[in-house]
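Below is one structure, written out as structure tokens, with a few remarks after it.
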Amino acid sequence: MTPSSDSGAWRKAWAVFVKDITSEFRTRYALSAVLLFAVTALAVVSFSVSPYSLEPDAQSAFLWTVLFFSAMTGLARSFVREEESRTVLALRLSAAPDDVYLGKLMFNAALQGAVALVVVPLFLVLMDITPVAPGVLAASAALGTLALAASSTIVAAIVSKAKSKGALFAVLAFPISVPGLASAVRSTTVALRGAGGAGTAVAVGVAGAAARTTGVAVARSASAMAAARGDLLALTAYSVLMIAASLLLFDFVWNE
Amino acid sequence: MAGSLGLCGQQPYTDFELSLEQVSHSFGKRRVLTSVSAAVRAGQVMVVTGPNGSGKSTLIKIAARLIRPASGRVVWRAGGRELGMDAAKGVVGLVSPELTLYDELTAIENLLFFARVRGWSGHGLVRWRGLAGAEDVAAGGGARARARAILEQVGLEGRGDDLVGTYSSGMKQRLKYAFALMHSPALLLLDEPTANLDEAGTEIVRRIIAEARGSACVVVATNEPEEVTWGDAVIRLGGVA
């Protein structure tokens with residue numbers, strides 16, 4: 001058999017992703033730990049802090065703290081499990097490094113995405129928050145999740161061969177994740193609070209109170225999107241750069 | 001169990017040759033291999049023997065290009081040219097105590113997964129004609145048919161849909177042979193080949209090696225006196241054996 005001739009890299013990466021998802025559903029190796037941490041952290045803080053005592057920037061920072069440490073709890077496991085269960089040798093013999101990286105990235109993004117799908121709505125309910133711009137919040141959560149997955153995947157591959165994996169993962173991942181986290185926190189703050197004096201762009205000429213309210217909401221959302229645009233673009237650029245750099249580095253990390 | 005394992009004459013590299021040129025390796029300050037040179041061609045069996053810690057497993061991993069030697073070279077040749085790392089996924093079949101398959105997947109799922117990441121789409125590749133399960137391949141059975149046929153050959157028929165975590169150590173060793181043979185490797189590397197196997201399993205290993213003499217390169221690392229006799233050439237490491 002001549003490798004890499006029949007199937008594209010994506011098909012092979014997809015095979016790695018499907019394998020990891022299948023393993024995860026059968027073992028709950030990462031998902032249980034991640035969700036337990038995230039829900040516990042959210043519940044404890046929401047019960048001990050009055051929802052109205054936190055400003056939107058603090059709320060946003062809190063949300064991303066929970067999501068970041070959820071990622072630290074679970075995302076390293078995709079590689080660590082291969083090392084600890086000694087399946088890494090068979091994988092190295094059979095799969096090209098890029099295929100492994102992309103498959104693991106997809107798995108980590110899916111895992112972190114699943115966590116965000118639970119955590120963000122729970123956060124809004126427990127903290128009694130109605131976001132000014134739900135679209136911006138959704139975009140921040142999606143792009144922030146991808147950014148966390150992109151930075152965590154390469155760091156997880158690096159630390160999986162070390163002895164103190166857990167501590168080393170958080171120590172290495174934090175500085176690498178800071179630029180992405182900062183953008184995610186800022187854009188989430190805009191989503192929760194609006195763009196400063198947003199809402200003053202009154203829907204002039206709209207007849208009726210209901211129509212005026214809808215118009216104001218749309219205007220607020222549009223101005224929030226404009227205000228968050230820079231940070232959302234920064235998040236996208238961060239993820240693209242992390243993935244590109246990881247693809248360049250991963251061969252050395254995987255084979256050395 | 002019946003029929004051929006399908007090793008002979010299937011792989012694209014029928015004139016494959018492995019050369020170890022002045023290979024040395026250390027772990028920290030401890031040197032485990034010193035200037036080992038050897039060559040083995042398709043159809044030959046080379047046995048590596050020596051006491052525990054003499055570097056047999058390390059040499060196997062170096063031959064598989066899983067470890068880069070501290071000095072010296074590992075060369076794979078076929079068709080009059082050296083093969084690069086990109087050929088590795090289709091060349092090597094490894095059975096080793098250090099190799100583990102996924103406990104949480106079934107045997108079939110394991111074999112299909114590794115076939116897919118090696119580039120086998122599993123939809124009736126005509127290049128695989130002639131292997132065990134060829135009829136099913138032609139009919140569109142593809143990798144799954146090949147996997148079932150190989151499992152039968154290693155004595156795991158009827159257990160392919162069981163989770164590997166439920167297997168005994170001997171069954172896991174047989175499954176490693178299925179993993180190693182799935183893609184008809186040109187270079188078959190066997191580290192402690194009969195570990196955990198009963199007499200029937202050992203007989204399967206003998207058959208595999210006998211078939212591999214047809215066209216594959218085989219390297220066996222062992223301390224078992226009987227297995228040392230399998231080799232056309234023997235390398236003794238550590239100067240004790």
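Starting from 1 in every chain, residues are counted up; chains themselves are A, B, ... following the order of the structure tokens, and ligands are numbered from 1 as listed.
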Subject >> Within 6 Å of chain A: residues of chain B, using only C-alpha atoms, as a PyMOL selection string >> reply: chain B and resi 89-90+99-101+104+117-119
Resulting file, chosen residues, C-alpha atoms, as a CSV table (one decimal), in the first residue's frame:
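New file again_1.csv:
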chain,number,residue,atom,x,y,z
B,89,LYS,CA,3.3,4.3,7.0
B,90,GLY,CA,3.1,1.7,4.3
B,99,LEU,CA,2.7,-1.4,21.3
B,100,THR,CA,-0.9,-1.3,22.5
B,101,LEU,CA,-4.1,-1.0,20.6
B,104,GLU,CA,-12.2,1.0,24.1
B,117,VAL,CA,-5.2,6.7,8.7
B,118,ARG,CA,-2.8,4.8,6.4
B,119,GLY,CA,-4.9,6.0,3.5
Subject >> Shell around Thr236 (chain A) at 10 Å using only C-alpha atoms, local window under 5 positions removed, as JSON, numbers by chain >> reply: {"A": [140, 143, 144, 146, 147, 180, 183, 230, 231, 241, 242]}
Could you take the residues named above and write them with C-alpha atoms, as a PDB file, in the first residue's frame?
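Saved the output as result-v8.pdb:
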ATOM      1  CA  SER A 140     -17.213  35.270  20.844  1.00  0.00           C
ATOM      2  CA  LEU A 143     -14.208  31.843  18.082  1.00  0.00           C
ATOM      3  CA  GLY A 144     -12.893  31.764  21.651  1.00  0.00           C
ATOM      4  CA  LEU A 146     -11.601  27.517  18.561  1.00  0.00           C
ATOM      5  CA  ALA A 147      -8.760  29.683  19.892  1.00  0.00           C
ATOM      6  CA  GLY A 180      -6.886  34.876  22.487  1.00  0.00           C
ATOM      7  CA  SER A 183      -9.894  39.246  22.814  1.00  0.00           C
ATOM      8  CA  GLY A 230     -11.810  44.142  15.990  1.00  0.00           C
ATOM      9  CA  ASP A 231     -11.628  41.591  18.786  1.00  0.00           C
ATOM     10  CA  LEU A 241      -1.838  31.670  13.320  1.00  0.00           C
ATOM     11  CA  MET A 242      -1.878  29.053  16.098  1.00  0.00           C
TER      12      MET A 242
END
Subject >> Nearby residues (only C-alpha atoms) at most 9 Å from Ala76 (chain A), same-chain spacing under 3 positions excluded, as a VMD selection string >> reply: chain A and resid 30 71 to 73 79 to 81 108 152 to 153 155 to 157 159 to 160 165 to 166 169
**OP:** Within 10 Å of region 199-209 of chain B, counting only C-alpha atoms, which residues show up once you throw out same-chain ones fewer than 3 positions away? Write them as a ChimeraX atom specification, please.
**Re:** /B:1,4-8,43-45,153-155,170-171,173-174,177,181,188,190,193-196,212-214,216-220,227,230-231
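The shortest atom-to-atom distance to Gln22 (chain B), with only C-alpha atoms taken into account, belongs to B:Val74 out of B:Leu187, B:Leu151, B:Val74, B:Leu66.
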Subject >> strand (DSSP E) call set, DSSP backbone run, region 151-218 of chain B, as a list in words >> reply: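 Residues of region 151-218 of chain B classed as strand (DSSP E): Leu187, Leu188, Leu189, Leu190, Asp191, Cys217 and Val218 of chain B.
Interatomic distance, CA of Ser19 (chain B) to CA of Trp120 (chain B): 28.2 Å.
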Original post:
Ala41 (chain A): which residues within 12 Å, counting only C-alpha atoms, same-chain residues fewer than 6 positions away excluded, as a list in words?
Top reply: Val34, Leu35, Phe47, Ser48, Phe62, Leu63, Trp64, Thr65, Val66, Leu67, Phe68, Phe69, Ser70, Val119, Leu122, Phe123 and Leu126 of chain A
Original post:
Quick one: distance from CA of Arg65 (chain B) to CA of Asp103 (chain B) in Å, one decimal?
Top reply: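 Atom-to-atom, CA of Arg65 (chain B) and CA of Asp103 (chain B) are spaced 25.3 Å apart.
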**OP:** Would you please extract all alpha helix (DSSP H) residues from region 59-163 of chain A, as assigned by DSSP on the backbone, and give them as an MDAnalysis selection string?
**Re:** chainID A and resid 59:74 77:84 88:94 97:126 134:159
Subject >> Between CA of Trp254 (chain A) and CA of Leu59 (chain B) - distance in Å to one decimal >> reply: 19.7 Å
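Proximity to Leu18 (chain B) was assessed for B:Thr229, B:Gly53, B:Arg81, B:Asp198 counting only C-alpha atoms; the smallest distance is recorded for B:Arg81.
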Original post:
Which is closest to Val125 (chain A) among A:Leu54, A:Ile176, A:Ile154, A:Ala43, if we use only C-alpha atoms?
Top reply: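 The closest residue to Val125 (chain A) is A:Ala43.
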Subject >> Within 10 Å of Pro179 (chain A) using only C-alpha atoms, minus same-chain residues under 2 positions, as a PyMOL selection string >> reply: chain A and resi 147+174-177+181-184+234-235+238
What does the file look like for those residues with C-alpha atoms, as a PDB file, in the first residue's frame?
ATOM      1  CA  ALA A 147      -8.760  29.683  19.892  1.00  0.00           C
ATOM      2  CA  PHE A 174      -1.704  30.169  29.907  1.00  0.00           C
ATOM      3  CA  PRO A 175       0.845  32.532  28.301  1.00  0.00           C
ATOM      4  CA  ILE A 176       0.106  31.098  24.873  1.00  0.00           C
ATOM      5  CA  SER A 177      -3.647  31.510  25.364  1.00  0.00           C
ATOM      6  CA  LEU A 181      -8.438  35.031  25.942  1.00  0.00           C
ATOM      7  CA  ALA A 182      -8.068  38.811  26.119  1.00  0.00           C
ATOM      8  CA  SER A 183      -9.894  39.246  22.814  1.00  0.00           C
ATOM      9  CA  ALA A 184     -12.598  36.806  23.871  1.00  0.00           C
ATOM     10  CA  ALA A 234      -8.193  39.231  16.334  1.00  0.00           C
ATOM     11  CA  LEU A 235      -9.615  35.945  17.656  1.00  0.00           C
ATOM     12  CA  TYR A 238      -5.052  34.186  16.517  1.00  0.00           C
TER      13      TYR A 238
END
